[in-house]
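K.L.:
Next comes target.cif, mmCIF, C-alpha atoms and all ligand atoms:
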data_structure
#
loop_
_atom_site.label_atom_id
_atom_site.label_comp_id
_atom_site.auth_asym_id
_atom_site.auth_seq_id
_atom_site.Cartn_x
_atom_site.Cartn_y
_atom_site.Cartn_z
CA MET A 1 7.36 -0.70 -25.58
CA ILE A 2 4.95 -3.57 -26.14
CA ASP A 3 5.70 -5.85 -29.11
CA CYS A 4 7.95 -4.79 -31.95
CA GLY A 5 6.54 -5.40 -35.44
CA GLU A 6 8.43 -4.88 -38.65
CA GLY A 7 7.75 -1.16 -39.14
CA THR A 8 8.55 -0.12 -35.58
CA GLN A 9 11.64 2.00 -36.05
CA SER A 10 10.40 3.86 -39.12
CA GLN A 11 7.17 4.64 -37.24
CA MET A 12 9.18 5.84 -34.23
CA ARG A 13 11.08 8.21 -36.50
CA LYS A 14 7.86 9.40 -38.12
CA TYR A 15 6.25 10.14 -34.75
CA LYS A 16 9.48 11.45 -33.20
CA ILE A 17 9.81 8.97 -30.37
CA GLY A 18 13.41 8.94 -29.11
CA PHE A 19 15.19 5.57 -29.24
CA SER A 20 16.94 6.21 -25.95
CA ARG A 21 13.59 6.39 -24.17
CA ILE A 22 13.04 2.67 -24.75
CA ASN A 23 14.56 0.60 -21.93
CA HIS A 24 12.02 -2.21 -21.51
CA ILE A 25 10.33 -4.15 -24.33
CA PHE A 26 7.47 -6.51 -23.53
CA ILE A 27 6.99 -9.18 -26.22
CA SER A 28 3.64 -10.96 -26.03
CA HIS A 29 4.60 -13.92 -28.25
CA LEU A 30 7.00 -15.00 -30.95
CA HIS A 31 4.90 -14.61 -34.10
CA GLY A 32 6.72 -12.58 -36.74
CA ASP A 33 4.33 -9.64 -36.74
CA HIS A 34 5.28 -9.03 -33.08
CA ILE A 35 9.08 -9.44 -33.24
CA PHE A 36 10.39 -8.67 -36.74
CA GLY A 37 11.19 -5.09 -35.72
CA LEU A 38 13.55 -6.05 -32.89
CA ILE A 39 16.76 -6.62 -34.84
CA GLY A 40 16.32 -3.34 -36.75
CA LEU A 41 15.60 -1.44 -33.57
CA ILE A 42 18.57 -2.94 -31.71
CA SER A 43 20.88 -2.23 -34.69
CA THR A 44 19.79 1.40 -34.69
CA MET A 45 20.47 1.59 -30.96
CA VAL A 46 24.01 0.31 -31.66
CA LEU A 47 24.50 2.98 -34.35
CA LEU A 48 23.30 5.65 -31.95
CA GLY A 49 25.97 4.61 -29.44
CA ARG A 50 23.66 3.21 -26.81
CA GLU A 51 25.30 2.08 -23.57
CA LYS A 52 22.25 1.59 -21.36
CA GLU A 53 21.05 -1.92 -20.66
CA LEU A 54 18.01 -3.07 -22.65
CA HIS A 55 15.46 -5.37 -20.98
CA LEU A 56 13.42 -7.84 -23.01
CA TYR A 57 10.46 -9.67 -21.45
CA SER A 58 9.37 -12.58 -23.60
CA HIS A 59 9.28 -16.32 -24.19
CA SER A 60 12.74 -17.74 -23.41
CA GLU A 61 13.14 -18.80 -27.07
CA LEU A 62 13.49 -15.14 -28.12
CA ARG A 63 17.08 -15.27 -26.96
CA LYS A 64 17.86 -17.98 -29.54
CA PHE A 65 16.16 -16.02 -32.34
CA LEU A 66 17.94 -12.77 -31.52
CA SER A 67 21.37 -14.04 -30.64
CA ALA A 68 21.65 -15.85 -33.98
CA GLN A 69 21.12 -12.50 -35.70
CA LEU A 70 23.34 -10.60 -33.26
CA GLN A 71 26.06 -13.20 -33.71
CA PHE A 72 25.91 -12.72 -37.48
CA LEU A 73 25.92 -8.92 -37.31
CA TYR A 74 28.10 -8.15 -34.28
CA SER A 75 29.75 -11.45 -33.30
CA ASN A 76 27.54 -11.02 -30.23
CA GLU A 77 29.63 -8.08 -29.01
CA LEU A 78 27.18 -5.29 -28.38
CA PRO A 79 28.13 -1.99 -26.75
CA PHE A 80 25.23 -2.48 -24.33
CA LYS A 81 23.83 -5.37 -22.36
CA ILE A 82 20.58 -7.12 -23.27
CA SER A 83 18.82 -8.73 -20.31
CA TYR A 84 16.31 -11.45 -21.09
CA HIS A 85 13.40 -11.97 -18.71
CA PRO A 86 11.41 -15.14 -19.45
CA LEU A 87 7.62 -14.95 -19.09
CA ASN A 88 5.39 -17.45 -17.33
CA PHE A 89 2.66 -18.80 -19.64
CA LYS A 90 0.84 -20.72 -16.93
CA LYS A 91 -0.08 -18.00 -14.47
CA GLU A 92 -0.01 -14.27 -13.77
CA GLN A 93 3.37 -12.93 -12.74
CA LYS A 94 4.81 -9.60 -11.61
CA ILE A 95 7.58 -8.86 -14.10
CA PHE A 96 8.59 -5.26 -13.46
CA ASP A 97 8.41 -2.77 -10.63
CA ASP A 98 9.84 0.71 -10.09
CA GLU A 99 8.75 3.85 -8.23
CA LYS A 100 6.14 4.71 -10.88
CA VAL A 101 4.66 1.53 -12.26
CA THR A 102 4.22 -2.23 -11.73
CA VAL A 103 3.85 -4.55 -14.73
CA TYR A 104 2.22 -7.99 -14.69
CA SER A 105 2.09 -10.63 -17.41
CA PHE A 106 -0.76 -13.12 -17.72
CA PRO A 107 -1.45 -15.99 -20.13
CA LEU A 108 -3.70 -15.54 -23.18
CA SER A 109 -5.08 -18.19 -25.50
CA HIS A 110 -3.30 -18.23 -28.87
CA ARG A 111 -1.71 -20.86 -31.13
CA ILE A 112 1.64 -20.52 -29.36
CA PRO A 113 2.41 -19.41 -25.76
CA THR A 114 1.25 -15.80 -25.46
CA CYS A 115 1.01 -13.29 -22.64
CA GLY A 116 -0.94 -10.11 -22.10
CA PHE A 117 0.41 -7.29 -19.92
CA ARG A 118 -1.12 -5.08 -17.25
CA PHE A 119 0.46 -1.78 -16.22
CA GLU A 120 -0.50 -0.35 -12.85
CA GLU A 121 0.55 3.15 -11.99
CA LYS A 122 1.61 3.79 -8.39
CA PRO A 123 -0.01 6.54 -6.35
CA ALA A 124 2.10 9.68 -6.67
CA LEU A 125 2.90 11.88 -3.67
CA PRO A 126 0.88 15.12 -3.68
CA ASN A 127 2.41 18.43 -4.75
CA LEU A 128 3.16 21.14 -2.20
CA LEU A 129 1.27 24.31 -3.05
CA PRO A 130 3.81 27.05 -3.91
CA GLU A 131 1.66 29.78 -2.31
CA LYS A 132 1.61 27.83 0.96
CA ILE A 133 5.37 27.29 0.89
CA GLU A 134 5.70 31.05 0.62
CA GLU A 135 2.98 31.93 3.14
CA PHE A 136 4.34 29.71 5.90
CA ARG A 137 8.00 29.86 4.78
CA ILE A 138 8.30 26.10 4.76
CA PRO A 139 11.99 25.15 4.79
CA ILE A 140 13.26 22.70 2.15
CA ARG A 141 14.14 20.12 4.83
CA ASP A 142 10.44 19.81 5.84
CA ARG A 143 8.95 19.56 2.36
CA GLN A 144 9.42 15.85 1.64
CA ARG A 145 7.99 14.93 5.06
CA ILE A 146 4.88 17.04 4.39
CA LYS A 147 4.43 15.48 0.94
CA GLU A 148 4.50 12.07 2.60
CA GLY A 149 1.61 13.05 4.88
CA GLY A 150 3.14 15.22 7.63
CA ASP A 151 1.85 18.54 9.02
CA PHE A 152 3.85 21.73 9.49
CA GLU A 153 4.43 23.71 12.68
CA THR A 154 5.10 27.43 12.22
CA SER A 155 7.67 29.32 14.27
CA ASP A 156 4.89 30.66 16.51
CA GLY A 157 3.60 27.13 17.21
CA ARG A 158 0.59 26.92 14.88
CA ILE A 159 -0.06 23.54 13.23
CA ILE A 160 -0.90 23.72 9.53
CA TYR A 161 -2.35 20.45 8.35
CA HIS A 162 -1.09 18.40 5.44
CA ALA A 163 -4.37 18.76 3.52
CA GLU A 164 -4.11 22.54 3.50
CA LEU A 165 -0.55 22.50 2.19
CA THR A 166 -0.83 20.01 -0.64
CA LYS A 167 -2.70 19.27 -3.83
CA LYS A 168 -3.42 15.64 -4.73
CA LYS A 169 -2.08 14.32 -8.02
CA HIS A 170 -4.32 12.26 -10.28
CA GLN A 171 -5.50 8.83 -9.15
CA PRO A 172 -3.23 5.97 -10.23
CA ARG A 173 -4.38 4.49 -13.55
CA SER A 174 -4.14 1.07 -15.17
CA PHE A 175 -3.81 -0.21 -18.73
CA ALA A 176 -3.97 -3.77 -20.04
CA PHE A 177 -2.80 -5.09 -23.39
CA CYS A 178 -4.24 -8.30 -24.82
CA SER A 179 -2.38 -9.07 -28.01
CA ASP A 180 -3.26 -12.13 -30.08
CA THR A 181 -5.83 -14.33 -28.36
CA LYS A 182 -9.07 -16.13 -28.94
CA TYR A 183 -12.07 -15.48 -26.73
CA ASP A 184 -11.28 -17.04 -23.35
CA GLU A 185 -12.79 -15.98 -20.06
CA SER A 186 -9.80 -17.23 -18.06
CA TYR A 187 -7.83 -13.98 -18.44
CA ILE A 188 -10.70 -11.68 -17.42
CA GLU A 189 -9.57 -11.65 -13.80
CA SER A 190 -6.17 -10.29 -14.87
CA ILE A 191 -7.72 -7.26 -16.56
CA LEU A 192 -10.58 -6.63 -14.15
CA ASN A 193 -11.52 -2.94 -13.78
CA VAL A 194 -8.58 -1.54 -15.75
CA ASP A 195 -9.06 2.04 -16.92
CA LEU A 196 -8.05 1.25 -20.49
CA LEU A 197 -7.95 -2.08 -22.30
CA TYR A 198 -6.36 -2.78 -25.67
CA HIS A 199 -7.71 -6.01 -27.11
CA GLU A 200 -7.09 -7.50 -30.52
CA ALA A 201 -10.09 -7.83 -32.85
CA THR A 202 -8.69 -9.40 -35.99
CA PHE A 203 -12.03 -10.33 -37.53
CA ALA A 204 -15.69 -9.37 -37.64
CA SER A 205 -18.26 -12.00 -36.65
CA ASP A 206 -18.82 -13.04 -40.28
CA ASN A 207 -15.42 -14.75 -39.91
CA LYS A 208 -16.15 -16.23 -36.51
CA ASP A 209 -14.98 -19.71 -37.56
CA LEU A 210 -11.74 -18.36 -38.92
CA ALA A 211 -11.19 -16.49 -35.64
CA GLN A 212 -11.66 -19.76 -33.76
CA THR A 213 -9.29 -21.80 -35.91
CA THR A 214 -6.56 -19.14 -35.98
CA TYR A 215 -6.94 -18.33 -32.25
CA HIS A 216 -7.92 -14.73 -32.85
CA SER A 217 -10.84 -12.60 -31.65
CA THR A 218 -13.74 -10.87 -33.35
CA GLY A 219 -14.93 -7.37 -32.47
CA GLU A 220 -17.76 -9.00 -30.57
CA ASP A 221 -15.34 -11.20 -28.58
CA ALA A 222 -13.20 -8.21 -27.57
CA ALA A 223 -16.28 -6.27 -26.46
CA ARG A 224 -17.67 -9.18 -24.44
CA ILE A 225 -14.34 -9.47 -22.62
CA ALA A 226 -14.29 -5.69 -21.97
CA LEU A 227 -17.84 -5.80 -20.64
CA GLN A 228 -17.23 -8.70 -18.27
CA ALA A 229 -13.94 -7.21 -17.07
CA ASN A 230 -15.77 -3.93 -16.39
CA VAL A 231 -13.02 -1.84 -18.00
CA GLY A 232 -13.24 1.95 -18.50
CA LYS A 233 -12.57 2.08 -22.22
CA LEU A 234 -11.72 -0.42 -24.96
CA ILE A 235 -9.42 0.06 -27.92
CA ILE A 236 -9.32 -2.56 -30.64
CA GLY A 237 -6.76 -3.24 -33.36
CA HIS A 238 -4.73 -5.94 -35.20
CA PHE A 239 -7.39 -5.95 -37.95
CA SER A 240 -6.96 -8.55 -40.66
CA ALA A 241 -5.73 -7.22 -44.00
CA ARG A 242 -8.86 -8.74 -45.58
CA TYR A 243 -10.85 -5.78 -44.18
CA LYS A 244 -10.34 -2.68 -46.30
CA ASP A 245 -12.55 -0.91 -43.80
CA TYR A 246 -12.75 -1.97 -40.17
CA THR A 247 -16.14 -0.33 -39.53
CA PRO A 248 -18.00 -3.68 -39.26
CA ILE A 249 -15.57 -4.82 -36.54
CA LEU A 250 -15.94 -1.52 -34.67
CA ASN A 251 -19.72 -1.49 -35.01
CA GLU A 252 -20.22 -4.97 -33.60
CA ALA A 253 -17.91 -4.14 -30.68
CA GLN A 254 -19.72 -0.88 -29.94
CA ASP A 255 -23.09 -2.66 -29.93
CA ILE A 256 -21.86 -4.57 -26.88
CA PHE A 257 -19.37 -2.12 -25.36
CA PRO A 258 -20.18 1.44 -26.52
CA ASP A 259 -16.96 3.08 -25.30
CA THR A 260 -14.84 1.30 -27.94
CA LEU A 261 -12.33 2.95 -30.22
CA ALA A 262 -10.59 1.47 -33.28
CA ILE A 263 -6.88 2.21 -33.27
CA SER A 264 -5.01 3.65 -36.24
CA GLU A 265 -1.29 4.03 -36.83
CA GLY A 266 0.08 7.00 -34.85
CA ASP A 267 -2.90 7.49 -32.54
CA VAL A 268 -2.12 8.89 -29.10
CA ILE A 269 -4.60 7.85 -26.45
CA GLN A 270 -4.67 9.30 -22.95
CA VAL A 271 -5.34 6.80 -20.18
CA ASN A 272 -8.13 8.39 -18.12
CA LYS A 273 -9.35 7.15 -14.78
CA LYS A 274 -12.57 5.22 -15.35
CA LYS A 275 -15.76 6.47 -13.77
CA ALA A 276 -16.67 4.61 -10.59
ZN ZN B 1 0.04 -14.28 -33.20
ZN ZN B 2 -0.30 -10.95 -34.46
#
Please express what this file holds, its structure, as C-alpha cells.
Ligand SMILES: [Zn+2]
Ligand SMILES: [Zn+2]
P.N.:
Amino acid sequence: MIDCGEGTQSQMRKYKIGFSRINHIFISHLHGDHIFGLIGLISTMVLLGREKELHLYSHSELRKFLSAQLQFLYSNELPFKISYHPLNFKKEQKIFDDEKVTVYSFPLSHRIPTCGFRFEEKPALPNLLPEKIEEFRIPIRDRQRIKEGGDFETSDGRIIYHAELTKKKHQPRSFAFCSDTKYDESYIESILNVDLLYHEATFASDNKDLAQTTYHSTGEDAARIALQANVGKLIIGHFSARYKDYTPILNEAQDIFPDTLAISEGDVIQVNKKKA
C-alpha cells in the first residue's frame, strides 16, 4: 500500500481488498491526508487477529506519531510486530526487494521531507508448455532446470531446446508514484521510462502561484514531468477540493502528454508495458 489517508479502511471494505494482504505500507510524507488512516487500519488488523509483521517505510518521525496512539490504545502491546524503515530524503535508495519486485524511494520537492516510490517487477521465469511436458514426458526433476534456461534430452538422445519447451511470461513492468511535490526536474531520473506514472496534479494552471507556494503541481507540471521522463502512461490525482470538476486539470495535462488519465476513487488500472 502507498500512503494511508483517512478513508482507507472503509474504501478497502467497499472494494473488497483483504486486510491480511497488506504487509508493506510506503508513506511518502507525514501530512495528515497521507497518514490519518494508519491508526484505524492497524486497529482493524488487531481486531482481525493479525500475527504477521507489518512493515512501514516512512520518515523516522512516524514512529513517534504512531506509538503515542498505540500506547494510548494498546499500552504498546500489539499482537504483531511493526517494523519501521526510515526513508532517505537526500538521495534514491533501494528499500525493498523480494523475488517479484524491487522498490526504490527518491526525494520529491514538497513543504516537508517527501519521497516518491518506484516499483520494478523482476523478470519471471517462463512457463513450461503442458503439451510439451506430455509429448516428451519431461520428469518433474528436470522442469525447474528447463525453466531456468536448460534444454531437455529425451531417452533416445534427442536434444529439445529450451525455446521449444517454454512460453515467455510478460516483460517486467515498472510503476512510479509521485505524491505531493512541486515541479522539480531533479526527480525525473528516478522515474525515467517507467511504464506507468502516478503524479499529483492538485491545481490547474490558473492557480499556478498557489501551486508554487504550497509545493504542489498543476496538470501542466505533471504532464511536463511525464513527457521528459518518457513514461508510458500518466495518471493524475490529488485534485484540490476547490475543483468541482477536474476536467481543466486533465485537459491541460493531455495537451502536453496525451496518454493521461484522471484517477477516481475505486479505479483499477492495469500496468501495461510501454511501447518501445
Ligand atoms: Zn503534502
Ligand atoms: Zn497531500
K.L.:
Give one line per residue of chain A that approaches ligand ZN 2 (chain B) to at most 12 Å, naming the two atoms of the closest pair and their distance in Å to one decimal, counting all atoms listed in the file; sort by chain then ascending residue number and deliver it as CSV.
P.N.:
residue,atom,partner,partner_atom,distance
A:Asp3,CA,B:ZN2,ZN,9.5
A:Cys4,CA,B:ZN2,ZN,10.6
A:Gly5,CA,B:ZN2,ZN,8.9
A:Glu6,CA,B:ZN2,ZN,11.4
A:Ile27,CA,B:ZN2,ZN,11.1
A:Ser28,CA,B:ZN2,ZN,9.3
A:His29,CA,B:ZN2,ZN,8.4
A:Leu30,CA,B:ZN2,ZN,9.1
A:His31,CA,B:ZN2,ZN,6.4
A:Gly32,CA,B:ZN2,ZN,7.6
A:Asp33,CA,B:ZN2,ZN,5.3
A:His34,CA,B:ZN2,ZN,6.1
A:Ile35,CA,B:ZN2,ZN,9.6
A:Phe36,CA,B:ZN2,ZN,11.2
A:His110,CA,B:ZN2,ZN,9.7
A:Arg111,CA,B:ZN2,ZN,10.5
A:Ile112,CA,B:ZN2,ZN,11.0
A:Thr114,CA,B:ZN2,ZN,10.3
A:Cys178,CA,B:ZN2,ZN,10.7
A:Ser179,CA,B:ZN2,ZN,7.0
A:Asp180,CA,B:ZN2,ZN,5.4
A:Thr181,CA,B:ZN2,ZN,8.9
A:Lys182,CA,B:ZN2,ZN,11.6
A:His199,CA,B:ZN2,ZN,11.5
A:Glu200,CA,B:ZN2,ZN,8.6
A:Ala201,CA,B:ZN2,ZN,10.4
A:Thr202,CA,B:ZN2,ZN,8.7
A:Thr214,CA,B:ZN2,ZN,10.4
A:Tyr215,CA,B:ZN2,ZN,10.2
A:His216,CA,B:ZN2,ZN,8.7
A:Ser217,CA,B:ZN2,ZN,11.0
A:Gly237,CA,B:ZN2,ZN,10.1
A:His238,CA,B:ZN2,ZN,6.7
A:Phe239,CA,B:ZN2,ZN,9.4
A:Ser240,CA,B:ZN2,ZN,9.4
A:Ala241,CA,B:ZN2,ZN,11.6
K.L.:
Excluding range 249-262 of chain A and residues on its chain fewer than 5 positions from it, collect all residues at most 6 Å away from it, counting only C-alpha atoms, and give them as a CSV table (one decimal) with C-alpha atoms, in the frame of the given file.
P.N.:
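Saved the output as part-v8.csv:
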chain,number,residue,atom,x,y,z
A,204,ALA,CA,-15.7,-9.4,-37.6
A,219,GLY,CA,-14.9,-7.4,-32.5
A,220,GLU,CA,-17.8,-9.0,-30.6
A,223,ALA,CA,-16.3,-6.3,-26.5
A,233,LYS,CA,-12.6,2.1,-22.2
A,234,LEU,CA,-11.7,-0.4,-25.0
A,235,ILE,CA,-9.4,0.1,-27.9
A,236,ILE,CA,-9.3,-2.6,-30.6
K.L.:
For Gln171 in chain A, list every protein, DNA or RNA residue within 10 Å, evaluated using only C-alpha atoms, and leave out those in the same chain fewer than 4 positions away; present the list as a VMD selection string.
P.N.:
chain A and resid 121 to 124 272 to 273
K.L.:
Measuring between all atoms listed in the file, which one of A:Ser58, A:Ser20, A:Ser109, A:Gln144 shows the shortest distance to ligand ZN 1 (chain B)?
P.N.:
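When distances to ligand ZN 1 (chain B) are compared using all atoms listed in the file, the smallest one comes from A:Ser109.
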K.L.:
Can you pull out every residue within 12 Å of Asp142 in chain A, counting only C-alpha atoms, but drop anything in the same chain fewer than 6 positions away, and send it as a list in words?
P.N.:
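My list of contacting residues is Leu128, Ile133, Phe136, Glu148, Gly149, Gly150, Asp151, Phe152, Glu153, Thr154, His162 and Leu165 of chain A.
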K.L.:
Do you have the CA of Val268 in chain A-CA of Pro172 in chain A distance handy?
P.N.:
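Atom-to-atom, CA of Val268 in chain A and CA of Pro172 in chain A are spaced 19.1 Å apart.
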K.L.:
For the point (13.6, -14.4, -23.6) in the file's frame, write as a VMD selection string all residues with an atom no more than 8 Å away, counting only C-alpha atoms.
P.N.:
chain A and resid 56 to 63 84 to 87
K.L.:
Just checking: using all atoms listed in the file, which residue out of A:Tyr246, A:Lys132, A:Leu108, A:Val271 ends up closest to ligand ZN 1 (chain B)?
P.N.:
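The answer is A:Leu108, which sits nearest to ligand ZN 1 (chain B).
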K.L.:
What separation in Å, quoted to one decimal, exists between CA of Ser174 in chain A and CA of Leu196 in chain A?
P.N.:
6.6 Å
K.L.:
Please identify all polymer residues lying at most 7 Å from the point (1.8, 17.4, -1.2) (file coordinates), using all atoms listed in the file, and present the result as a PyMOL selection string.
P.N.:
chain A and resi 125-128+146-147+165-168
K.L.:
Please measure the separation of CA of Lys94 in chain A and CA of Lys275 in chain A, giving the value in Å to one decimal.
P.N.:
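Calculated distance between CA of Lys94 in chain A and CA of Lys275 in chain A is 26.2 Å.
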K.L.:
I want to know what sits within 8 Å of range 228-232 of chain A, based on all atoms listed in the file, with residues of the same chain fewer than 4 positions away left out; could you give that as a PyMOL selection string?
P.N.:
chain A and resi 188-189+191-197+224+259+273-275
K.L.:
My list of candidates is A:Cys115, A:Ile160, A:Leu54, A:Ala176. Which is closest to ligand ZN 1 (chain B) when distances are computed with all atoms listed in the file?
P.N.:
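Looking at the shortest contact to ligand ZN 1 (chain B), the residue is A:Cys115.
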